[in-house]
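Student: Sharing a structure here in structure tokens format.
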Amino acid sequence: MKLFKSLSVAAMAIALVASSISSVGAASSLKGKIVINGSSALLPLTLQAANEFKKLNPKVKISASAAGSITGPQSVRKGIADIGAVDWDASTDVPGFKKFDGQVANKVAVIPFAAVANKNVGVSNLTTKQLQDIFSGKVTNWKDVGGSDASIIVVNRAFGSGTRVNFQMKALAGSEFLSKGSNYKEVKSSGDMKTAIETTPNAIGYIDLVYVTSNMKALQINGVAPSEANVINGTYKVWGFGYFMTKGKPEGAVKAFIEYIQSVKFQNGSLKKLKFIPISAIK
Amino acid sequence: MQLDTSAPNPVISTNSSELGGSIKTGSGKLFDRKNRLLFYNRAFKIACIASAAFVCLILFSILFFMFRTGVLTFRDVSPMTFFFSSDWSPENESYGAFIFIFGTFALTILTLLISVPLSIVIAVFLAEVAPGWMRNFLRPILDLLVGIPSVVYGFLGLTILIPLLRDITGTNMGDGILAAAIVLTIMVLPTISRISDDAISVVPKKYRDASYALGATRFQTIFKVTIPAARSGIMYGVILGMARAIGETMAVVMVIGNTPQLADALFKPTSVLTSNIVMQIANVPFDSTWNNALYMMGFLLLVISLLMIVLVRLLQRKGAHQ
Amino acid sequence: MKTATSGTRGAFSSNRGINDFKNRMFTVFVWGISACIVLFILALLYLILQKGLPNLTWGFIMGLPSEMEEGGGIGPALFNSFYMLFISLLIAVPLGMSAGIYLAEFAPNNKWIGFVRICVEGLASVPSIIFGLFGIALFVEMFQIGLTIIGGAISLAFLNLPVMTRVTEEAIRSVPKELKQASFALGATHLQTIRRVLVPTAISGIVTGICLVAGRAFGESAVIILTAGVTTSGEMWDFNLLSPGETLAVHLWYVQSEAIVPDAVSISDKAAAVLVFVILMFNILFRIPLWIKDRRNKH
């Protein structure tokens with residue numbers, strides 16, 4: 001007990017000293033605290049931008065967390081976050097979600113999505129109609145879409161996932177998903193989707209293009225392969241913007257941070273390296 | 001262990017505190033010291049009571065917090081529908097949580113069916129059979145299993161266990177209640193077995209000596225004497241293990257399939273209260289019936305585990321009277 | 001224990017042969033099952049450790065994480081893990097121990113206390129996600145401090161309180177009554193008895209409890225994602241309690257579920273190995289004093 005007490009006192013002392021040291025010797029005059037919450041798909045981008053931004057503005061504190069897209073604008077509305085990262089424009093209505101009044105959507109990136117299947121699947125191209133049939137449960141065997149005789153295992157993201165909203169709007173033209181069945185499951189994150197598709201024979205799902213690996217098969221949709229070039233030249237339609245929602249027009253440190261992400265330097269540098277597409281590339 | 005000389009769970013009689021207090025230090029010089037000691041005693045007791053009250057306070061704040069939001073569900077959904085309908089499709093305004101309630105019970109019972117016998121065997125092995133060096137080696141290893149993050153268990157379940165189950169049984173997916181129960185078994189095994197091990201270890205040696213003296217074999221001694229004597233501790237281990245099984249989320253969600261359908265087969269993607277909460281809570285609008293229903297499910301989860309604990313305690317008391 | 005079978009002469013001698021057989025079967029059975037489970041556990045540990053440990057470098061352990069390029073480290077997350085664990089133990093151990101001592105020593109044996117005990121066990125079964133939601137309501141919405149180390153640590157302490165309480169209670173209860181009575185007979189007050197006799201004798205059980213709690217806190221992710229965030233302050237040795245506090249387990253979750261870095265798999269393997277290794281070290285370090293004490297007592 002005594003040891004604990006003295007240790008705790010020591011820790012407190014160190015904490016005080018450390019916090020006072022860290023707040024001196026800044027290079028930029030910008031101050032403030034930015035709290036970001038929301039889409040987990042945008043988290044790598046946010047974290048990278050936060051790291052770079054903090055180097056330029058040591059007095060700005062940024063803390064980010066992620067739960068689900070809808071958490072972003074909701075946290076902003078509740079006032080517990082300054083920026084809500086979301087995979088759709090939350091200032092308008094989308095399937096399942098009402099718009100958030102008084103919030104401004106700031107585009108930060110273009111995110112392409114891909115329909116993916118396990119390596120053992122023989123099919124490499126699906127039409128929008130075939131995708132609709134598969135994801136609504138009308139077609140349950142790969143042989144009906146030109147593959148071998150095997151049941152299709154549908155892997156879906158949970159309701160409210162930004163990836164799901166985008167895939168439903170852009171690849172399935174708004175048609176409904178199935179929600180039950182013995183060959184159907186839902187997963188919680190992009191990483192789980194990746195693992196599920198890689199390890200389950202005959203599985204089909206969808207994922208941000210960034211996460212597509214050589215251990216799975218990215219399917220062509222209507223004959224167009226999912227690739228950055230096809231998104232930019234306008235032939236591949238399954239993509240969406242990533243947004244940072246703010247309460248009204250962004251100000252101060254928040255504004256500087258969003259401007260940093262939208263800057264040519266970041267968009268053509270780190271953002272590209274993270275395999276997102278710069279917003280300026282889309283006409 | 002050096003504690004082997006006593007009754008297993010001495011019921012501390014309340015008058016023992018008076019015993020300590022009743023000893024008078026006759027000399028006046030020592031009077032201050034006695035007062036100080038009395039003060040310390042009282043202060044310590046109050047601190048202890050406060051801590052215990054604090055633990056209860058946390059539980060009640062959580063219950064209140066969940067209930068406050070959860071009860072709003074019943075503005076839009078009748079309790080009958082919520083508890084007994086098996087149609088969960090919030091997109092279409094149907095909020096029947098029966099599937100998840102059933103799934104939670106089924107999963108917990110299946111997990112306990114697998115893990116309790118295994119854990120008790122391990123506990124008996126550690127406490128009675130294994131040589132000393134092995135004990136010292138195995139105990140930390142079991143403790144270690146508790147600390148492995150549930151994400152790691154889930155990931156191993158997803159990448160190793162499920163393909164294995166698929167190969168063995170020839171099902172299409174392998175996700176379902178059995179996969180979840182196996183993962184949970186590995187997670188609760190150390191909790192139940194270590195606590196049972198401690199409980200068996202402190203059974204007084206004289207009990208065993210008496211049993212052996214009557215000519216009982218080790219088998220008879222363990223089953224007729226040691227385990228019954230350690231029953232309270234083992235029960236406590238089972239309760240803690242069960243509690244963990246009911247409340248575990250991150251690992252279960254990766255192997256159960258997360259599909260709102262009744263878990264009537266071992267291999268069928270299904271969903272339990274925790275996995276459904278964790279899948280959806282981040283993705284629903286605040287202030288929606290859906291969100292309220294999820295909080296209600298959280299509240300229900302707490303009530304279920306409290307009920308199960310009461311039930312186990314009642315069973316235990318009944319067993320003790322026989 | 002080895003001499004147990006020699007006691008077969010006596011009241012049970014009429015069916016001695018069957019009992020002998022049963023006894024032997026039982027021993028074989030226990031050894032068999034235990035060996036299987038132990039092998040399984042060792043295989044599991046080997047699986048986790050062999051993928052990560054051989055590739056560990058100091059650069060990885062102390063380095064800053066990276067979002068794009070290979071070679072990111074886990075330094076700040078690892079530091080936060082220890083720091084947060086320390087703070088949460090600082091809260092949970094004293095509180096849990098005194099609540100446990102109350103239940104074992106002071107509490108009258110009535111319905112009310114039975115109820116308190118059920119509360120404690122009930123709290124132990126609260127899913128971590130609910131502690132997370134509760135943490136948000138408390139620290140982010142009520143106290144408005146945002147996602148911080150202190151918020152995460154206190155939520156973790158709440159999560160661990162019940163286990164600590166019950167383990168302490170169980171350990172103190174199993175202290176022989178004779179020891180306690182002897183202490184009272186020597187004129188010790190209740191507090192002195194608890195401090196000098198009960199706690200030292202029950203220390204083995206209490207340490208088991210601390211190990212369980214520390215291990216769980218170290219590996220917990222759901223609570224911390226919600227209350228302390230998925231970022232670190234980006235520098236090592238940041239003792240500020242109001243910094244965002246991503247821990248190693250959260251980093252592992254993040255890398256596994258969302259990270260884009262090309263070496264994500266290798267990072268998650270290594271992070272998992274570090275986690276397991278650290279927990280192993282906890283268990284051993286906490287236990288060494290007990291072993292020494294045990295040995296001293298035997299001689």
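Identifiers in this document derive from the order of the structure tokens: chains are assigned A, B, ..., residues are numbered from 1 separately in each chain, and ligands are numbered from 1 in order of occurrence.
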List every residue of chain B that has an atom at most 6 Å from any atom of chain A, giving for each one its closest atom pair and the distance in Å to one decimal, counting only C-alpha atoms, sorted by chain and then by ascending residue number, as CSV.
Tutor:
```
residue,atom,partner,partner_atom,distance
B:Gly257,CA,A:Lys185,CA,4.7
B:Asn258,CA,A:Glu186,CA,5.3
B:Thr259,CA,A:Lys185,CA,5.8
B:Lys268,CA,A:Ser182,CA,5.7
B:Ala282,CA,A:Gly68,CA,5.1
B:Asn283,CA,A:Gly160,CA,4.7
```
Student: Can you pull out every residue from segment 8-167 of chain B that DSSP, working from the backbone, puts in helix (DSSP H, G or I), and format the result as a ChimeraX atom specification?
Tutor: /B:15-21,31-75,79-84,90-92,98-129,132-147,150-167
Student: For the selection just defined, write its residues with C-alpha atoms to a file, as a short mmCIF file (atom, residue, chain, number, x, y, z; two decimals), in the first residue's frame.
Tutor:
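Saved as result26.cif:
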```cif
data_model
loop_
_atom_site.label_atom_id
_atom_site.label_comp_id
_atom_site.auth_asym_id
_atom_site.auth_seq_id
_atom_site.Cartn_x
_atom_site.Cartn_y
_atom_site.Cartn_z
CA ASN B 15 -19.03 -11.19 17.89
CA SER B 16 -15.40 -11.65 16.89
CA SER B 17 -15.08 -7.91 16.46
CA GLU B 18 -16.33 -7.41 19.98
CA LEU B 19 -13.76 -9.91 21.08
CA GLY B 20 -11.01 -7.65 19.81
CA GLY B 21 -12.59 -4.57 21.26
CA PHE B 31 -5.56 4.94 27.13
CA ASP B 32 -4.68 7.35 24.31
CA ARG B 33 -3.27 4.56 22.30
CA LYS B 34 -6.43 2.57 22.81
CA ASN B 35 -8.59 5.46 21.71
CA ARG B 36 -6.45 5.99 18.69
CA LEU B 37 -6.68 2.32 17.82
CA LEU B 38 -10.42 2.41 18.28
CA PHE B 39 -10.60 5.42 16.01
CA TYR B 40 -8.48 3.71 13.37
CA ASN B 41 -10.66 0.66 13.63
CA ARG B 42 -13.79 2.64 13.18
CA ALA B 43 -12.39 4.73 10.34
CA PHE B 44 -11.19 1.61 8.59
CA LYS B 45 -14.54 -0.06 8.97
CA ILE B 46 -16.28 3.00 7.56
CA ALA B 47 -13.86 3.09 4.63
CA CYS B 48 -14.61 -0.56 3.96
CA ILE B 49 -18.36 -0.02 4.12
CA ALA B 50 -18.00 2.97 1.81
CA SER B 51 -16.08 0.86 -0.71
CA ALA B 52 -18.69 -1.87 -0.67
CA ALA B 53 -21.42 0.74 -1.05
CA PHE B 54 -19.48 2.28 -3.91
CA VAL B 55 -19.41 -1.03 -5.79
CA CYS B 56 -23.18 -1.26 -5.42
CA LEU B 57 -23.53 2.37 -6.42
CA ILE B 58 -21.73 1.72 -9.70
CA LEU B 59 -24.03 -1.18 -10.48
CA PHE B 60 -27.10 0.89 -9.74
CA SER B 61 -25.88 3.87 -11.73
CA ILE B 62 -25.30 1.55 -14.66
CA LEU B 63 -28.69 -0.11 -14.22
CA PHE B 64 -30.33 3.29 -13.97
CA PHE B 65 -28.39 4.60 -16.95
CA MET B 66 -29.41 1.66 -19.14
CA PHE B 67 -32.97 1.63 -17.88
CA ARG B 68 -33.53 5.35 -18.33
CA THR B 69 -32.89 5.09 -22.06
CA GLY B 70 -34.13 1.54 -22.47
CA VAL B 71 -37.58 2.08 -21.04
CA LEU B 72 -38.34 4.58 -23.79
CA THR B 73 -38.56 1.57 -26.13
CA PHE B 74 -41.96 0.78 -24.73
CA ARG B 75 -43.38 4.05 -25.99
CA PRO B 79 -43.38 -5.37 -24.07
CA MET B 80 -45.07 -8.53 -25.40
CA THR B 81 -43.62 -7.92 -28.84
CA PHE B 82 -40.22 -6.97 -27.47
CA PHE B 83 -39.83 -10.05 -25.29
CA PHE B 84 -41.64 -12.71 -27.30
CA PRO B 90 -35.64 -2.45 -37.03
CA GLU B 91 -35.51 -1.08 -40.57
CA ASN B 92 -39.18 -2.12 -40.79
CA PHE B 98 -36.63 -13.01 -28.36
CA ILE B 99 -33.95 -14.44 -30.66
CA PHE B 100 -31.20 -12.65 -28.76
CA ILE B 101 -32.55 -13.55 -25.34
CA PHE B 102 -32.84 -17.18 -26.37
CA GLY B 103 -29.39 -17.07 -27.97
CA THR B 104 -27.83 -15.65 -24.81
CA PHE B 105 -29.30 -18.44 -22.68
CA ALA B 106 -28.40 -21.14 -25.18
CA LEU B 107 -24.84 -19.90 -25.57
CA THR B 108 -24.27 -19.52 -21.83
CA ILE B 109 -25.61 -22.98 -21.05
CA LEU B 110 -23.64 -24.62 -23.85
CA THR B 111 -20.49 -22.84 -22.71
CA LEU B 112 -20.97 -23.95 -19.11
CA LEU B 113 -21.69 -27.54 -20.23
CA ILE B 114 -18.32 -27.67 -21.91
CA SER B 115 -16.25 -25.52 -19.60
CA VAL B 116 -17.35 -26.51 -16.08
CA PRO B 117 -16.40 -30.23 -16.24
CA LEU B 118 -13.12 -29.41 -17.97
CA SER B 119 -12.32 -26.68 -15.46
CA ILE B 120 -13.03 -28.89 -12.47
CA VAL B 121 -10.81 -31.64 -13.86
CA ILE B 122 -8.04 -29.09 -14.34
CA ALA B 123 -8.60 -27.70 -10.85
CA VAL B 124 -8.45 -31.18 -9.31
CA PHE B 125 -5.32 -31.89 -11.30
CA LEU B 126 -3.66 -28.67 -10.14
CA ALA B 127 -4.67 -28.95 -6.52
CA GLU B 128 -4.47 -32.70 -5.89
CA VAL B 129 -2.66 -34.65 -8.56
CA GLY B 132 4.62 -29.22 -7.17
CA TRP B 133 6.87 -27.94 -9.93
CA MET B 134 4.13 -28.48 -12.47
CA ARG B 135 1.69 -26.54 -10.33
CA ASN B 136 4.04 -23.58 -10.15
CA PHE B 137 4.45 -23.74 -13.88
CA LEU B 138 0.79 -24.18 -14.84
CA ARG B 139 -0.88 -21.67 -12.57
CA PRO B 140 0.72 -18.60 -14.16
CA ILE B 141 0.02 -20.06 -17.59
CA LEU B 142 -3.67 -20.36 -16.83
CA ASP B 143 -3.72 -16.84 -15.43
CA LEU B 144 -2.09 -15.75 -18.64
CA LEU B 145 -5.03 -16.96 -20.69
CA VAL B 146 -7.28 -14.47 -18.91
CA GLY B 147 -5.16 -11.61 -20.13
CA SER B 150 -10.62 -11.00 -26.64
CA VAL B 151 -9.84 -9.62 -30.10
CA VAL B 152 -7.02 -12.14 -30.35
CA TYR B 153 -9.34 -14.98 -29.34
CA GLY B 154 -11.89 -13.79 -31.86
CA PHE B 155 -9.31 -13.54 -34.58
CA LEU B 156 -7.97 -17.03 -33.89
CA GLY B 157 -11.54 -18.30 -33.81
CA LEU B 158 -12.25 -16.73 -37.17
CA THR B 159 -9.05 -17.90 -38.87
CA ILE B 160 -8.42 -21.29 -37.24
CA LEU B 161 -11.46 -22.64 -35.39
CA ILE B 162 -14.13 -21.87 -38.00
CA PRO B 163 -12.26 -23.36 -40.98
CA LEU B 164 -11.55 -26.39 -38.77
CA LEU B 165 -15.23 -26.79 -37.84
CA ARG B 166 -16.15 -26.38 -41.49
CA ASP B 167 -13.75 -29.16 -42.51
#
```
Student: For each of C:Met25, C:Ile292, C:Ile149, C:Ile172, take the minimum atom-to-atom distance to chain A, counting only C-alpha atoms, then give the residue where this is smallest.
Tutor: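 Closest candidate: C:Ile149.
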Student: Using only C-alpha atoms and a distance of at most 7 Å, pull out the residues of chain C that contact chain B, as a VMD selection string.
Tutor: chain C and resid 4 to 5 7 to 12 19 23 26 30 34 95 98 to 99 101 to 102 105 108 116 118 to 120 122 to 127 134 173 to 177 184 187 to 191 212 215 to 216 218 to 220 249 253 276 279 to 280 283 to 284
Student: Print the selection's residues with C-alpha atoms to a file, as an mmCIF file, in the first residue's frame.
Tutor:
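Output contents, as saved in out.cif:
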```cif
data_model
loop_
_atom_site.group_PDB
_atom_site.id
_atom_site.type_symbol
_atom_site.label_atom_id
_atom_site.label_comp_id
_atom_site.auth_asym_id
_atom_site.auth_seq_id
_atom_site.Cartn_x
_atom_site.Cartn_y
_atom_site.Cartn_z
ATOM 1 C CA ALA C 4 -2.835 -41.755 -0.719
ATOM 2 C CA THR C 5 -3.306 -45.205 -2.216
ATOM 3 C CA GLY C 7 -4.625 -46.110 2.849
ATOM 4 C CA THR C 8 -6.898 -48.630 1.154
ATOM 5 C CA ARG C 9 -6.994 -50.993 4.111
ATOM 6 C CA GLY C 10 -9.993 -50.307 6.284
ATOM 7 C CA ALA C 11 -13.699 -49.802 6.044
ATOM 8 C CA PHE C 12 -13.804 -49.956 2.271
ATOM 9 C CA ASN C 19 -12.028 -49.066 -5.895
ATOM 10 C CA ASN C 23 -8.922 -44.847 -8.535
ATOM 11 C CA PHE C 26 -9.541 -41.646 -12.355
ATOM 12 C CA VAL C 30 -7.381 -36.533 -14.863
ATOM 13 C CA SER C 34 -5.232 -32.081 -18.132
ATOM 14 C CA LEU C 95 -11.340 -0.036 -3.210
ATOM 15 C CA SER C 98 -11.566 -2.831 1.324
ATOM 16 C CA ALA C 99 -14.948 -3.806 -0.093
ATOM 17 C CA ILE C 101 -12.576 -7.096 3.565
ATOM 18 C CA TYR C 102 -15.906 -5.575 4.538
ATOM 19 C CA GLU C 105 -15.010 -9.453 8.038
ATOM 20 C CA PRO C 108 -23.408 -9.232 9.207
ATOM 21 C CA VAL C 116 -24.714 -6.728 -1.825
ATOM 22 C CA ILE C 118 -25.230 -10.430 -5.742
ATOM 23 C CA CYS C 119 -24.655 -6.818 -6.776
ATOM 24 C CA VAL C 120 -20.926 -7.370 -6.846
ATOM 25 C CA GLY C 122 -23.790 -8.782 -11.164
ATOM 26 C CA LEU C 123 -21.351 -5.973 -11.761
ATOM 27 C CA ALA C 124 -18.753 -8.561 -12.745
ATOM 28 C CA SER C 125 -21.035 -9.762 -15.504
ATOM 29 C CA VAL C 126 -21.712 -6.355 -17.016
ATOM 30 C CA PRO C 127 -20.406 -6.535 -20.580
ATOM 31 C CA PHE C 134 -21.372 4.364 -19.141
ATOM 32 C CA ARG C 173 -12.614 -16.067 4.269
ATOM 33 C CA SER C 174 -10.372 -19.032 3.689
ATOM 34 C CA VAL C 175 -7.887 -17.863 6.334
ATOM 35 C CA PRO C 176 -8.093 -20.355 9.215
ATOM 36 C CA LYS C 177 -10.294 -19.219 12.079
ATOM 37 C CA PHE C 184 -7.560 -11.500 19.031
ATOM 38 C CA GLY C 187 -5.095 -8.371 22.305
ATOM 39 C CA ALA C 188 -4.909 -7.193 18.736
ATOM 40 C CA THR C 189 -7.680 -4.947 17.473
ATOM 41 C CA HIS C 190 -9.704 -5.934 14.454
ATOM 42 C CA LEU C 191 -7.751 -3.596 12.205
ATOM 43 C CA LEU C 212 -6.519 -11.651 -13.107
ATOM 44 C CA GLY C 215 -4.367 -9.198 -17.195
ATOM 45 C CA ARG C 216 -7.908 -8.307 -18.032
ATOM 46 C CA PHE C 218 -4.179 -4.980 -20.066
ATOM 47 C CA GLY C 219 -6.112 -6.890 -22.699
ATOM 48 C CA GLU C 220 -9.340 -4.884 -22.607
ATOM 49 C CA ALA C 249 -4.899 -3.830 -27.064
ATOM 50 C CA TRP C 253 -7.847 -3.970 -32.588
ATOM 51 C CA VAL C 276 0.912 -11.966 -24.094
ATOM 52 C CA ILE C 279 1.019 -10.537 -19.136
ATOM 53 C CA LEU C 280 3.255 -13.571 -18.664
ATOM 54 C CA ASN C 283 2.243 -13.290 -13.562
ATOM 55 C CA ILE C 284 5.798 -14.333 -12.917
#
```
Student: Using Å and a single decimal, report how far atom CA of Leu209 of chain A sits from atom CA of Leu45 of chain A.
Tutor: 14.2 Å
Student: Once you count only C-alpha atoms, which residues of chain C turn out to be within 9 Å of chain A? Could you give them as a PyMOL selection string?
Tutor: chain C and resi 66-69+86-87+90+94+140-141+144+146-148+225-234+237-241+243-245+254-261
Student: Could the residues in this selection be saved with N, CA and C atoms as a CSV table (one decimal), in the first residue's frame?
Tutor:
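Okay, this is what ended up in again-v9.csv:
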```csv
chain,number,residue,atom,x,y,z
C,66,SER,N,2.9,4.2,-37.3
C,66,SER,CA,2.9,4.9,-38.6
C,66,SER,C,1.6,4.5,-39.3
C,67,GLU,N,1.0,5.4,-40.1
C,67,GLU,CA,-0.2,5.1,-40.8
C,67,GLU,C,0.0,4.6,-42.2
C,68,MET,N,1.1,5.0,-42.8
C,68,MET,CA,1.3,4.7,-44.2
C,68,MET,C,2.4,3.7,-44.5
C,69,GLU,N,3.6,4.0,-43.9
C,69,GLU,CA,4.8,3.3,-44.2
C,69,GLU,C,5.0,2.1,-43.3
C,86,PHE,N,-1.7,1.0,-14.4
C,86,PHE,CA,-1.2,1.5,-13.1
C,86,PHE,C,-2.3,2.3,-12.4
C,87,ILE,N,-2.8,3.3,-13.2
C,87,ILE,CA,-3.9,4.2,-12.6
C,87,ILE,C,-5.1,3.4,-12.2
C,90,LEU,N,-4.5,1.4,-9.1
C,90,LEU,CA,-4.4,2.3,-8.0
C,90,LEU,C,-5.8,2.6,-7.5
C,94,PRO,N,-7.2,-0.8,-4.0
C,94,PRO,CA,-7.6,-0.4,-2.6
C,94,PRO,C,-9.1,-0.5,-2.4
C,140,VAL,N,-17.4,11.9,-20.9
C,140,VAL,CA,-17.4,12.7,-22.1
C,140,VAL,C,-18.6,13.7,-22.1
C,141,GLU,N,-19.8,13.2,-21.6
C,141,GLU,CA,-21.0,14.0,-21.6
C,141,GLU,C,-21.2,14.8,-20.3
C,144,GLN,N,-17.4,16.4,-19.5
C,144,GLN,CA,-16.9,17.1,-20.6
C,144,GLN,C,-15.4,17.1,-20.7
C,146,GLY,N,-13.7,14.8,-22.6
C,146,GLY,CA,-13.3,14.2,-23.8
C,146,GLY,C,-12.7,12.8,-23.6
C,147,LEU,N,-12.0,12.3,-24.6
C,147,LEU,CA,-11.5,11.0,-24.6
C,147,LEU,C,-10.1,11.1,-23.9
C,148,THR,N,-10.0,10.6,-22.7
C,148,THR,CA,-8.7,10.8,-22.0
C,148,THR,C,-8.2,9.5,-21.2
C,225,ILE,N,-11.6,2.0,-26.3
C,225,ILE,CA,-12.0,2.6,-27.6
C,225,ILE,C,-13.0,3.7,-27.3
C,226,LEU,N,-14.0,3.4,-26.5
C,226,LEU,CA,-15.1,4.3,-26.2
C,226,LEU,C,-14.7,5.5,-25.3
C,227,THR,N,-13.8,5.2,-24.3
C,227,THR,CA,-13.6,6.3,-23.3
C,227,THR,C,-12.2,7.0,-23.5
C,228,ALA,N,-11.3,6.3,-24.1
C,228,ALA,CA,-9.9,6.9,-24.2
C,228,ALA,C,-9.5,7.1,-25.7
C,229,GLY,N,-10.3,6.7,-26.6
C,229,GLY,CA,-10.0,6.9,-28.0
C,229,GLY,C,-9.0,6.0,-28.6
C,230,VAL,N,-8.8,6.2,-29.9
C,230,VAL,CA,-7.9,5.4,-30.7
C,230,VAL,C,-6.7,6.1,-31.1
C,231,THR,N,-6.4,7.3,-30.5
C,231,THR,CA,-5.1,8.0,-30.7
C,231,THR,C,-4.3,8.0,-29.5
C,232,THR,N,-3.0,8.2,-29.7
C,232,THR,CA,-2.1,8.5,-28.6
C,232,THR,C,-1.8,10.0,-28.8
C,233,SER,N,-1.1,10.6,-27.9
C,233,SER,CA,-0.7,12.0,-28.1
C,233,SER,C,0.5,12.0,-29.1
C,234,GLY,N,1.0,10.9,-29.5
C,234,GLY,CA,2.0,10.9,-30.5
C,234,GLY,C,3.4,11.1,-30.0
C,237,TRP,N,6.3,8.8,-23.3
C,237,TRP,CA,6.4,9.3,-21.9
C,237,TRP,C,5.5,10.5,-21.7
C,238,ASP,N,4.3,10.5,-22.2
C,238,ASP,CA,3.4,11.6,-22.0
C,238,ASP,C,2.5,11.2,-20.8
C,239,PHE,N,2.8,11.8,-19.6
C,239,PHE,CA,2.2,11.5,-18.4
C,239,PHE,C,0.9,12.3,-18.2
C,240,ASN,N,0.6,13.2,-19.1
C,240,ASN,CA,-0.6,14.0,-18.9
C,240,ASN,C,-1.9,13.1,-18.9
C,241,LEU,N,-2.6,13.3,-17.8
C,241,LEU,CA,-3.8,12.4,-17.6
C,241,LEU,C,-4.9,12.8,-18.6
C,243,SER,N,-4.4,13.4,-21.8
C,243,SER,CA,-4.1,13.0,-23.2
C,243,SER,C,-5.0,11.9,-23.6
C,244,PRO,N,-5.2,11.8,-25.0
C,244,PRO,CA,-5.9,10.6,-25.4
C,244,PRO,C,-5.1,9.3,-25.2
C,245,GLY,N,-5.8,8.2,-24.9
C,245,GLY,CA,-5.0,7.1,-24.4
C,245,GLY,C,-5.2,5.8,-25.1
C,254,TYR,N,-7.3,-1.9,-33.7
C,254,TYR,CA,-7.3,-1.0,-34.8
C,254,TYR,C,-6.5,-1.5,-36.0
C,255,VAL,N,-5.3,-2.1,-35.7
C,255,VAL,CA,-4.5,-2.6,-36.8
C,255,VAL,C,-5.2,-3.7,-37.5
C,256,GLN,N,-5.9,-4.6,-36.6
C,256,GLN,CA,-6.6,-5.7,-37.2
C,256,GLN,C,-7.8,-5.3,-38.0
C,257,SER,N,-8.5,-4.3,-37.6
C,257,SER,CA,-9.8,-4.1,-38.2
C,257,SER,C,-9.8,-2.9,-39.2
C,258,GLU,N,-8.9,-1.9,-39.1
C,258,GLU,CA,-9.0,-0.8,-40.0
C,258,GLU,C,-7.7,-0.4,-40.7
C,259,ALA,N,-6.6,-0.7,-40.1
C,259,ALA,CA,-5.4,0.0,-40.6
C,259,ALA,C,-5.1,-0.4,-42.0
C,260,ILE,N,-4.4,0.5,-42.7
C,260,ILE,CA,-4.1,0.3,-44.1
C,260,ILE,C,-2.6,0.0,-44.3
C,261,VAL,N,-1.8,0.2,-43.3
C,261,VAL,CA,-0.4,0.0,-43.5
C,261,VAL,C,-0.1,-1.4,-44.1
```
Student: Do you know which residues are at most 10 Å from Gly174 of chain A counting only C-alpha atoms, after dropping those on the same chain fewer than 6 positions away, and could you put them as a ChimeraX atom specification?
Tutor: /A:95,132,165-168
Student: For C-alpha atoms, I'd like the residues from the last selection saved as a PDB file, in the first residue's frame.
Tutor:
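File out-v4.pdb, as written:
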```pdb
ATOM      1  CA  PRO A  95     -31.370   5.352 -46.950  1.00  0.00           C
ATOM      2  CA  GLN A 132     -28.822  -7.300 -56.563  1.00  0.00           C
ATOM      3  CA  VAL A 165     -24.718   2.617 -47.324  1.00  0.00           C
ATOM      4  CA  ASN A 166     -22.438   3.459 -50.251  1.00  0.00           C
ATOM      5  CA  PHE A 167     -22.442  -0.057 -51.698  1.00  0.00           C
ATOM      6  CA  GLN A 168     -26.219  -0.206 -51.468  1.00  0.00           C
TER       7      GLN A 168
END
```
Student: For the atom pair atom CA of Asn57 of chain A and atom CA of Ser29 of chain A, what is the interatomic distance in Å to one decimal place?
Tutor: 7.5 Å
Student: Find the spatial neighbours of segment 44-49 of chain C, counting only C-alpha atoms, within a cut-off of 9 Å - ignore same-chain residues fewer than 2 positions away - and output them as a PyMOL selection string.
Tutor: (chain B and resi 145+152) or (chain C and resi 39-42+51-54+269-270+272-274+276-277)
Student: For atom CA of Lys237 of chain A and atom CA of Gln220 of chain A, quote the distance in Å rounded to one decimal.
Tutor: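 Between these atoms lies a distance of 11.3 Å.
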Student: So, with only C-alpha atoms as the atoms that count, which of A:Ile258, A:Ala218, A:Thr127, A:Ile111 lies closest to Thr246 of chain A?
Tutor: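 For Thr246 of chain A, the nearest of the candidates is A:Ile258.
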Student: Go through A:Val212, A:Leu30, A:Ala115, A:Lys265 and flag the residue nearest Pro58 of chain A, using only C-alpha atoms for the distances.
Tutor: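 Among the listed residues, A:Leu30 lies closest to Pro58 of chain A.
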Student: Could you list, as a ChimeraX atom specification, every residue within 10 Å of Ser280 of chain A, counting only C-alpha atoms and ignoring same-chain residues fewer than 5 positions away?
Tutor: /A:108-110,232,262,264,267-268
Student: With C-alpha atoms retained, could you export that selection as a short mmCIF file (atom, residue, chain, number, x, y, z; two decimals), in the first residue's frame?
Tutor:
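The resulting file, result-v1.cif, is shown below:
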```cif
data_model
loop_
_atom_site.label_atom_id
_atom_site.label_comp_id
_atom_site.auth_asym_id
_atom_site.auth_seq_id
_atom_site.Cartn_x
_atom_site.Cartn_y
_atom_site.Cartn_z
CA VAL A 108 -11.92 15.20 -47.58
CA ALA A 109 -11.37 12.16 -49.81
CA VAL A 110 -12.78 9.90 -52.46
CA ILE A 232 -11.01 8.91 -62.12
CA GLN A 262 -7.84 19.43 -48.27
CA VAL A 264 -2.82 19.86 -52.40
CA GLN A 267 -4.15 15.23 -50.98
CA ASN A 268 -1.41 14.36 -53.43
#
```
